[in-house]
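A.B. asks: Quick one: this structure, given as structure tokens, is what I'll be asking you about.
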Amino acid sequence: MNLKEVKNVAREKMKGYCRVCPVCNGIACAGEVPGMGGSLTGSSFKSNVEDLSKVKLKLKTIHNAKNPDLTFDFFNTKLDIPIIAAPITGSAFNMGGALTEEEYIDSAVNGSLDAGTIAMIGDSADPTLYESGLEALKKVNGKGVAILKPKENEVVIESIKKAEETKTIAVGMDIDGAGLITMALKGTPVGPKTVEELKEIISSTNLPFILKGVMTKEEALLAVEVGAKAIVVSNHGGRILDHCQSTAKVLPEISKSVKGKIMVLVDGGIRSGVDVFKMIALGADAVLVGRPIIFGAFGGYKEGVSLIIEDMKNQLLQAMILTGAKDLSSIDESMISIEW
């Protein structure tokens with residue numbers, strides 16, 4: 001099995017839902033929500049990819065970074081790479097259903113582990129999908145993260161308790177899911193959270209709490225205030241708000257405002273190991289990857305997921321060698337130029 005074969009199989013299995021384009025940039029699928037596209041015009045999805053492409057690497061080859069260290073410490077769990085599979089549910093209504101929800105989750109969780117990293121599992125309007133995710137993590141001794149939708153507090157806290165029983169590494173909330181059309185269609189109330197509501201949720205657990213969906217420095221500082229241990233700079237893949245800023249563009253300001261106070265993760269438009277390098281140079285500690293993981297799962301189950309991640313790892317390694325970065329902490333804004 002190789003990457004070309006994985007993508008060809010994925011393209012066939014996802015026909016009518018995703019074209020698995022040569023460049024996954026949100027143009028062909030604009031407005032396809034539910035589905036794999038971005039909201040309305042698809043501008044937010046497209047901007048994530050476009051703006052990241054405007055970040056350029058500076059080639060340097062006179063240095064001693066011959067064997068870069070790619071390892072990343074994620075809440076006392078050592079990962080081989082700073083890449084984590086993003087929390088994704090909805091195989092049936094977003095991806096065509098060629099894989100059952102259980103098959104997709106198992107592929108993401110086990111394929112990530114085989115590649116030296118972990119996956120996040122997601123929540124949805126259907127509570128059985130979250131249960132399936134927890135079951136997959138239980139089988140691997142909790143080596144993953146449970147991310148919840150911004151439902152009513154009592155529902156969220158109950159779900160956190162289930163994650164604790166599974167012994168997950170961390171828990172969190174994709175608060176940017178507050179406006180998901182798919183949730184509304186299923187009749188499940190979700191919405192924004194106040195500072196007080198977040199404090200109640202976070203104080204209910206001793207697990208590290210991740211707040212996903214932060215797009216301004218003001219809300220990054222609020223995440224620190226409410227006790228979150230990590231944020232994910234994310235606009236939900238451009239699927240919730242049209243004409244939203246890209247994650248690459250807002251990341252530097254957000255990172256500078258909270259660096260050292262909280263772990264900074266980011267997603268949105270990341271398609272290669274070079275993109276991972278760019279996001280770290282812009283201020284991230286690590287990244288979440290979504291659509292490439294989907295293609296890997298549909299194209300080759302856990303082996304496909306592992307192959308996708310390993311390919312990104314090799315690309316990141318090459319980028320670090322050719323820019324003089326001996327480890328992740330060495331990657332900074334001096335190694336890139338920005339053309340926006």
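Scheme for the structure tokens: letters A, B, ... for chains in order shown; per-chain residue numbers from 1; ligand numbers from 1 in order shown.
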For Met36 in chain A, work out the shell of residues within 7 Å, counting only C-alpha atoms and skipping chain neighbours fewer than 3 positions away, then give it as a PyMOL selection string.

C.D. replies: chain A and resi 17-18+29+32-33+94-95

A.B. asks: Next, write the just-selected residues to a file, as a short mmCIF file (atom, residue, chain, number, x, y, z; two decimals), in the first residue's frame, keeping N, CA, C and O atoms as the atom set.

C.D. replies:
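Final output, again.cif:
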data_model
loop_
_atom_site.label_atom_id
_atom_site.label_comp_id
_atom_site.auth_asym_id
_atom_site.auth_seq_id
_atom_site.Cartn_x
_atom_site.Cartn_y
_atom_site.Cartn_z
N TYR A 17 -19.36 12.62 -1.66
CA TYR A 17 -19.17 13.37 -0.41
C TYR A 17 -17.84 14.11 -0.38
O TYR A 17 -17.72 15.17 0.22
N CYS A 18 -16.83 13.52 -1.00
CA CYS A 18 -15.50 14.14 -1.05
C CYS A 18 -14.80 13.67 -2.31
O CYS A 18 -14.86 12.49 -2.64
N CYS A 29 -15.55 21.68 -2.92
CA CYS A 29 -16.59 21.29 -1.96
C CYS A 29 -17.20 22.47 -1.22
O CYS A 29 -17.86 22.30 -0.20
N GLU A 32 -20.61 22.65 0.99
CA GLU A 32 -21.14 21.29 1.22
C GLU A 32 -21.03 20.91 2.70
O GLU A 32 -20.14 20.21 3.14
N VAL A 33 -21.98 21.46 3.47
CA VAL A 33 -22.11 21.16 4.90
C VAL A 33 -23.57 20.86 5.18
O VAL A 33 -24.42 21.74 4.97
N ASN A 94 -21.36 12.93 6.91
CA ASN A 94 -20.37 13.84 6.33
C ASN A 94 -19.46 13.18 5.30
O ASN A 94 -18.94 13.85 4.41
N MET A 95 -19.26 11.86 5.43
CA MET A 95 -18.25 11.19 4.61
C MET A 95 -18.81 10.07 3.74
O MET A 95 -18.06 9.42 3.03
#

A.B. asks: List the spatial neighbours of range 289-300 of chain A as a PyMOL selection string - criterion: any atom at most 7 Å away, only C-alpha atoms, same-chain residues fewer than 4 positions off excluded.

C.D. replies: chain A and resi 6-7+9-10+13+83-86+99+104+107-108+267+270-271+304-305+308

A.B. asks: Any chance you could export the current selection's all heavy atoms as a CSV table (one decimal), in the first residue's frame?

C.D. replies:
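out-v5.csv, written as the output of this step:
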chain,number,residue,atom,x,y,z
A,6,VAL,N,-3.9,4.7,-1.4
A,6,VAL,CA,-4.8,5.1,-0.3
A,6,VAL,C,-5.7,6.1,-0.8
A,6,VAL,O,-6.9,6.1,-0.5
A,6,VAL,CB,-3.9,5.6,0.9
A,6,VAL,CG1,-4.8,6.3,1.9
A,6,VAL,CG2,-3.2,4.4,1.6
A,7,LYS,N,-5.2,7.1,-1.5
A,7,LYS,CA,-6.1,8.2,-1.9
A,7,LYS,C,-7.1,7.8,-3.0
A,7,LYS,O,-8.2,8.2,-3.0
A,7,LYS,CB,-5.2,9.4,-2.4
A,7,LYS,CG,-4.5,10.1,-1.2
A,7,LYS,CD,-3.8,11.3,-1.7
A,7,LYS,CE,-3.1,12.0,-0.5
A,7,LYS,NZ,-2.4,13.3,-0.9
A,9,VAL,N,-8.4,4.8,-3.3
A,9,VAL,CA,-9.4,4.0,-2.6
A,9,VAL,C,-10.4,4.9,-1.9
A,9,VAL,O,-11.6,4.8,-1.9
A,9,VAL,CB,-8.8,3.0,-1.7
A,9,VAL,CG1,-9.9,2.3,-0.8
A,9,VAL,CG2,-8.1,1.9,-2.4
A,10,ALA,N,-9.8,5.9,-1.2
A,10,ALA,CA,-10.6,6.9,-0.4
A,10,ALA,C,-11.5,7.7,-1.4
A,10,ALA,O,-12.7,7.9,-1.1
A,10,ALA,CB,-9.7,7.9,0.3
A,13,LYS,N,-14.5,5.4,-2.3
A,13,LYS,CA,-15.4,5.2,-1.1
A,13,LYS,C,-16.1,6.4,-0.7
A,13,LYS,O,-17.2,6.3,-0.1
A,13,LYS,CB,-14.6,4.6,0.1
A,13,LYS,CG,-14.1,3.2,-0.1
A,13,LYS,CD,-13.5,2.7,1.2
A,13,LYS,CE,-13.2,1.2,1.1
A,13,LYS,NZ,-12.6,0.6,2.4
A,83,ILE,N,2.2,15.9,16.0
A,83,ILE,CA,1.0,15.8,15.1
A,83,ILE,C,0.0,14.9,15.8
A,83,ILE,O,0.3,13.8,16.2
A,83,ILE,CB,1.4,15.2,13.7
A,83,ILE,CG1,2.4,16.1,13.0
A,83,ILE,CG2,0.1,15.0,12.9
A,83,ILE,CD1,3.0,15.4,11.8
A,84,ILE,N,-1.2,15.4,16.0
A,84,ILE,CA,-2.3,14.7,16.7
A,84,ILE,C,-3.5,14.6,15.8
A,84,ILE,O,-3.8,15.6,15.1
A,84,ILE,CB,-2.7,15.3,18.0
A,84,ILE,CG1,-1.5,15.3,19.0
A,84,ILE,CG2,-3.9,14.6,18.7
A,84,ILE,CD1,-1.7,16.1,20.2
A,85,ALA,N,-4.1,13.4,15.7
A,85,ALA,CA,-5.3,13.3,14.8
A,85,ALA,C,-6.5,14.1,15.5
A,85,ALA,O,-6.8,13.9,16.7
A,85,ALA,CB,-5.7,11.8,14.7
A,86,ALA,N,-7.1,14.9,14.7
A,86,ALA,CA,-8.2,15.8,15.2
A,86,ALA,C,-9.4,15.0,15.5
A,86,ALA,O,-9.7,13.9,15.0
A,86,ALA,CB,-8.5,16.9,14.2
A,99,LEU,N,-17.3,3.7,5.7
A,99,LEU,CA,-16.8,3.1,7.0
A,99,LEU,C,-17.8,3.4,8.0
A,99,LEU,O,-18.5,4.5,8.1
A,99,LEU,CB,-15.5,3.9,7.4
A,99,LEU,CG,-14.2,3.2,7.0
A,99,LEU,CD1,-14.0,3.1,5.5
A,99,LEU,CD2,-13.0,4.0,7.6
A,104,TYR,N,-14.1,3.9,11.5
A,104,TYR,CA,-13.3,5.2,11.4
A,104,TYR,C,-12.5,5.5,12.7
A,104,TYR,O,-11.3,5.8,12.6
A,104,TYR,CB,-14.2,6.4,11.0
A,104,TYR,CG,-13.4,7.6,11.0
A,104,TYR,CD1,-12.5,7.9,10.0
A,104,TYR,CD2,-13.3,8.5,12.2
A,104,TYR,CE1,-11.7,9.0,10.0
A,104,TYR,CE2,-12.5,9.6,12.2
A,104,TYR,CZ,-11.7,9.9,11.1
A,104,TYR,OH,-10.8,10.9,11.1
A,107,SER,N,-9.6,3.1,13.2
A,107,SER,CA,-8.6,3.4,12.3
A,107,SER,C,-7.7,4.6,12.7
A,107,SER,O,-6.5,4.6,12.7
A,107,SER,CB,-9.1,3.7,10.9
A,107,SER,OG,-9.8,2.6,10.4
A,108,ALA,N,-8.4,5.7,13.2
A,108,ALA,CA,-7.7,6.9,13.6
A,108,ALA,C,-6.9,6.7,14.9
A,108,ALA,O,-5.7,7.1,15.0
A,108,ALA,CB,-8.7,8.0,13.8
A,267,ASP,N,-5.1,23.9,14.2
A,267,ASP,CA,-5.5,23.1,13.1
A,267,ASP,C,-5.9,24.0,12.0
A,267,ASP,O,-5.9,25.2,12.1
A,267,ASP,CB,-6.5,22.1,13.4
A,267,ASP,CG,-7.9,22.7,13.8
A,267,ASP,OD1,-8.1,23.9,13.5
A,267,ASP,OD2,-8.7,22.0,14.4
A,270,ILE,N,-3.8,22.1,7.3
A,270,ILE,CA,-2.5,21.4,7.4
A,270,ILE,C,-2.5,20.1,6.6
A,270,ILE,O,-3.3,19.2,6.9
A,270,ILE,CB,-2.1,21.1,8.9
A,270,ILE,CG1,-2.1,22.5,9.7
A,270,ILE,CG2,-0.8,20.4,9.0
A,270,ILE,CD1,-2.1,22.3,11.2
A,271,ARG,N,-1.7,20.1,5.6
A,271,ARG,CA,-1.7,18.9,4.6
A,271,ARG,C,-0.4,18.2,4.5
A,271,ARG,O,-0.4,17.2,3.9
A,271,ARG,CB,-2.2,19.4,3.2
A,271,ARG,CG,-3.5,20.2,3.2
A,271,ARG,CD,-4.7,19.3,3.5
A,271,ARG,NE,-5.9,20.0,3.4
A,271,ARG,CZ,-6.6,20.4,4.4
A,271,ARG,NH1,-6.2,20.2,5.7
A,271,ARG,NH2,-7.8,21.1,4.3
A,304,GLY,N,-3.7,3.0,6.5
A,304,GLY,CA,-3.7,4.2,5.8
A,304,GLY,C,-3.4,5.4,6.6
A,304,GLY,O,-2.7,6.3,6.2
A,305,VAL,N,-4.0,5.4,7.8
A,305,VAL,CA,-3.8,6.6,8.7
A,305,VAL,C,-2.3,6.6,9.1
A,305,VAL,O,-1.7,7.7,9.1
A,305,VAL,CB,-4.7,6.4,10.0
A,305,VAL,CG1,-4.2,7.4,11.1
A,305,VAL,CG2,-6.1,6.6,9.7
A,308,ILE,N,-0.2,8.0,6.2
A,308,ILE,CA,-0.4,9.4,6.1
A,308,ILE,C,0.5,10.2,7.1
A,308,ILE,O,1.2,11.1,6.8
A,308,ILE,CB,-1.8,9.9,6.3
A,308,ILE,CG1,-2.7,9.4,5.1
A,308,ILE,CG2,-2.0,11.4,6.5
A,308,ILE,CD1,-2.5,10.2,3.8

A.B. asks: Can you build me a table of range 107-220 of chain A residues sitting at most 12 Å from range 313-316 of chain A, with the closest atom pair per residue and its distance in Å to one decimal, using only C-alpha atoms, sorted by chain and residue number, as JSON lines?

C.D. replies:
{"residue": "A:Ser112", "atom": "CA", "partner": "A:Lys313", "partner_atom": "CA", "distance": 11.8}
{"residue": "A:Ala115", "atom": "CA", "partner": "A:Lys313", "partner_atom": "CA", "distance": 8.9}
{"residue": "A:Gly116", "atom": "CA", "partner": "A:Lys313", "partner_atom": "CA", "distance": 9.9}
{"residue": "A:Thr117", "atom": "CA", "partner": "A:Lys313", "partner_atom": "CA", "distance": 10.6}

A.B. asks: Fewer than 3 positions away in the same chain doesn't count, so skip those; otherwise give me all residues within 8 Å of His236 in chain A, counting only C-alpha atoms, as a PyMOL selection string.

C.D. replies: chain A and resi 176-177+213+239-240+268

A.B. asks: Restricting the calculation to only C-alpha atoms, which member of A:Leu113, A:Leu79, A:Met120, A:Leu241 is positioned closest to Gly38 in chain A?

C.D. replies: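 Result for the nearest residue to Gly38 in chain A: A:Leu241.
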
A.B. asks: Taking only C-alpha atoms into account, name the residue in A:Asp242, A:Asp69, A:Asp126, A:Glu303 that is nearest to Ile321 in chain A.

C.D. replies: A:Asp69

A.B. asks: With only C-alpha atoms as the atoms that count, which of A:Val250, A:Leu198, A:Leu52, A:Leu307 lies nearest to Asn153 in chain A?

C.D. replies: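 Answer, going by the shortest atom-to-atom distance: A:Leu198.
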
A.B. asks: Quick one: everything within 9 Å of Gly31 in chain A, counting only C-alpha atoms, minus sequence neighbours fewer than 6 positions away in the same chain. Send it as a CSV table (one decimal) with all heavy atoms, in the first residue's frame.

C.D. replies:
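result-v4.csv was written with the following content:
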chain,number,residue,atom,x,y,z
A,37,GLY,N,-17.1,20.1,3.0
A,37,GLY,CA,-16.8,21.4,2.6
A,37,GLY,C,-16.8,22.4,3.7
A,37,GLY,O,-17.1,22.1,4.9
A,38,GLY,N,-16.6,23.7,3.3
A,38,GLY,CA,-16.7,24.8,4.2
A,38,GLY,C,-18.0,25.5,4.1
A,38,GLY,O,-18.8,25.3,3.2
A,39,SER,N,-18.3,26.3,5.1
A,39,SER,CA,-19.6,27.0,5.2
A,39,SER,C,-19.9,27.9,4.1
A,39,SER,O,-19.0,28.7,3.7
A,39,SER,CB,-19.7,27.7,6.6
A,39,SER,OG,-20.9,28.5,6.7
A,40,LEU,N,-21.1,27.9,3.5
A,40,LEU,CA,-21.5,28.8,2.5
A,40,LEU,C,-20.6,29.0,1.3
A,40,LEU,O,-20.5,28.1,0.5
A,40,LEU,CB,-21.8,30.2,3.2
A,40,LEU,CG,-22.9,30.2,4.3
A,40,LEU,CD1,-23.1,31.5,4.9
A,40,LEU,CD2,-24.2,29.6,3.8
A,41,THR,N,-19.8,30.1,1.2
A,41,THR,CA,-18.9,30.2,0.1
A,41,THR,C,-17.7,29.4,0.2
A,41,THR,O,-16.9,29.3,-0.7
A,41,THR,CB,-18.5,31.7,-0.1
A,41,THR,OG1,-17.6,32.1,1.0
A,41,THR,CG2,-19.7,32.6,-0.2
A,42,GLY,N,-17.4,28.8,1.4
A,42,GLY,CA,-16.2,28.1,1.7
A,42,GLY,C,-15.0,28.9,1.9
A,42,GLY,O,-13.9,28.4,1.9
A,239,ARG,N,-15.9,25.3,8.7
A,239,ARG,CA,-17.2,24.7,8.5
A,239,ARG,C,-18.4,25.4,9.3
A,239,ARG,O,-19.5,25.0,9.2
A,239,ARG,CB,-17.2,23.2,9.0
A,239,ARG,CG,-16.3,22.4,8.1
A,239,ARG,CD,-16.1,21.0,8.6
A,239,ARG,NE,-17.3,20.3,8.8
A,239,ARG,CZ,-18.1,19.7,7.9
A,239,ARG,NH1,-17.7,19.9,6.6
A,239,ARG,NH2,-19.1,19.1,8.1

A.B. asks: Just how far from CA of Met215 in chain A is CA of Gln245 in chain A, in Å to one decimal?

C.D. replies: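 Straight-line distance from CA of Gln245 in chain A to CA of Met215 in chain A works out to 8.1 Å.
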
A.B. asks: Please provide as a ChimeraX atom specification all residues within 9 Å of Leu282 in chain A, with the sequence filter that same-chain residues fewer than 4 positions apart are discarded (counting only C-alpha atoms).

C.D. replies: /A:248-249,251-252,255,277-278,331-333,336

A.B. asks: Next, dump the selected residues to file, keeping only N, CA and C atoms, as a PDB file, in the first residue's frame.

C.D. replies:
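The resulting file, selection.pdb, is shown below:
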ATOM      1  N   ALA A 248      -3.749  30.293  10.438  1.00  0.00           N
ATOM      2  CA  ALA A 248      -2.348  30.692  10.278  1.00  0.00           C
ATOM      3  C   ALA A 248      -2.169  32.188  10.534  1.00  0.00           C
ATOM      4  N   LYS A 249      -3.140  32.981  10.109  1.00  0.00           N
ATOM      5  CA  LYS A 249      -3.001  34.430  10.239  1.00  0.00           C
ATOM      6  C   LYS A 249      -3.163  34.900  11.681  1.00  0.00           C
ATOM      7  N   LEU A 251      -2.674  32.971  14.436  1.00  0.00           N
ATOM      8  CA  LEU A 251      -1.840  32.212  15.366  1.00  0.00           C
ATOM      9  C   LEU A 251      -0.714  33.018  16.007  1.00  0.00           C
ATOM     10  N   PRO A 252       0.067  33.805  15.251  1.00  0.00           N
ATOM     11  CA  PRO A 252       1.195  34.505  15.893  1.00  0.00           C
ATOM     12  C   PRO A 252       0.773  35.422  17.041  1.00  0.00           C
ATOM     13  N   SER A 255      -0.426  33.252  20.025  1.00  0.00           N
ATOM     14  CA  SER A 255       0.688  32.569  20.676  1.00  0.00           C
ATOM     15  C   SER A 255       1.499  33.525  21.544  1.00  0.00           C
ATOM     16  N   PHE A 277       5.636  22.346  10.111  1.00  0.00           N
ATOM     17  CA  PHE A 277       6.781  23.217  10.399  1.00  0.00           C
ATOM     18  C   PHE A 277       6.337  24.682  10.415  1.00  0.00           C
ATOM     19  N   LYS A 278       5.560  25.065   9.417  1.00  0.00           N
ATOM     20  CA  LYS A 278       5.116  26.459   9.321  1.00  0.00           C
ATOM     21  C   LYS A 278       4.307  26.868  10.552  1.00  0.00           C
ATOM     22  N   ILE A 331      12.492  25.720  16.155  1.00  0.00           N
ATOM     23  CA  ILE A 331      11.711  26.254  15.035  1.00  0.00           C
ATOM     24  C   ILE A 331      11.070  27.572  15.459  1.00  0.00           C
ATOM     25  N   ASP A 332      11.393  28.644  14.759  1.00  0.00           N
ATOM     26  CA  ASP A 332      10.810  29.937  15.110  1.00  0.00           C
ATOM     27  C   ASP A 332      10.598  30.787  13.865  1.00  0.00           C
ATOM     28  N   GLU A 333      10.109  31.997  14.087  1.00  0.00           N
ATOM     29  CA  GLU A 333       9.728  32.866  12.973  1.00  0.00           C
ATOM     30  C   GLU A 333      10.928  33.324  12.139  1.00  0.00           C
ATOM     31  N   ILE A 336      11.156  31.479   8.672  1.00  0.00           N
ATOM     32  CA  ILE A 336      10.116  31.643   7.660  1.00  0.00           C
ATOM     33  C   ILE A 336      10.017  33.094   7.207  1.00  0.00           C
TER      34      ILE A 336
END

A.B. asks: Can you pull out the residues contacting Val155 in chain A? Cut-off 12 Å, using only C-alpha atoms, and skip same-chain residues under 5 positions away; I want them as JSON, numbers by chain.

C.D. replies: {"A": [123, 125, 127, 148, 149, 150, 160, 161, 162, 188, 189, 190, 201]}

A.B. asks: Identify, with DSSP run on backbone atoms, the residues in range 97-244 of chain A assigned to helix (DSSP H, G or I), and express the list as JSON, numbers by chain.

C.D. replies: {"A": [101, 102, 103, 104, 105, 106, 107, 108, 109, 110, 111, 112, 113, 114, 127, 128, 129, 130, 131, 132, 133, 134, 135, 136, 137, 138, 153, 154, 155, 156, 157, 158, 159, 160, 161, 162, 163, 164, 165, 166, 175, 176, 177, 178, 179, 181, 182, 183, 184, 185, 195, 196, 197, 198, 199, 200, 201, 202, 217, 218, 219, 220, 221, 222, 223, 224, 225, 226, 236, 237, 238]}

A.B. asks: Glu253 in chain A: which residues within 12 Å, counting only C-alpha atoms, same-chain residues fewer than 4 positions away excluded, as an NGL selection string?

C.D. replies: :A and (214-221 or 233 or 247-249 or 257-259 or 264 or 282-284)

A.B. asks: Restricting it to C-alpha atoms, dump the selection as a short mmCIF file (atom, residue, chain, number, x, y, z; two decimals), in the first residue's frame.

C.D. replies:
data_model
loop_
_atom_site.label_atom_id
_atom_site.label_comp_id
_atom_site.auth_asym_id
_atom_site.auth_seq_id
_atom_site.Cartn_x
_atom_site.Cartn_y
_atom_site.Cartn_z
CA VAL A 214 -9.92 29.96 20.02
CA MET A 215 -9.38 32.58 17.31
CA THR A 216 -8.49 35.79 19.21
CA LYS A 217 -5.89 36.75 21.79
CA GLU A 218 -8.69 37.95 24.06
CA GLU A 219 -10.27 34.50 24.20
CA ALA A 220 -6.84 32.87 24.54
CA LEU A 221 -6.33 34.92 27.70
CA VAL A 233 -6.46 27.78 17.46
CA THR A 247 -5.81 29.99 11.71
CA ALA A 248 -2.35 30.69 10.28
CA LYS A 249 -3.00 34.43 10.24
CA SER A 257 -0.22 36.60 24.17
CA VAL A 258 -0.24 33.28 26.07
CA LYS A 259 3.10 31.58 25.35
CA VAL A 264 -0.91 26.21 22.02
CA LEU A 282 4.14 30.78 13.61
CA GLY A 283 3.86 29.95 17.31
CA ALA A 284 2.20 26.57 17.80
#

A.B. asks: Using the chain letters and numbers from this document, which residues of range 132-199 of chain A does DSSP assign to strand (DSSP E), as a PyMOL selection string?

C.D. replies: chain A and resi 144-148+170-174

A.B. asks: Please report the interatomic distance between CA of Glu103 in chain A and CA of Val274 in chain A in Å with one decimal.

C.D. replies: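 Spanning CA of Glu103 in chain A to CA of Val274 in chain A is a straight-line distance of 29.0 Å.
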
A.B. asks: Given only C-alpha atoms as the basis, pick out the residue of A:Ala230, A:Val55, A:Ala281, A:Cys244 nearest to Lys261 in chain A.

C.D. replies: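 That would be A:Ala230, the residue with the smallest distance to Lys261 in chain A.
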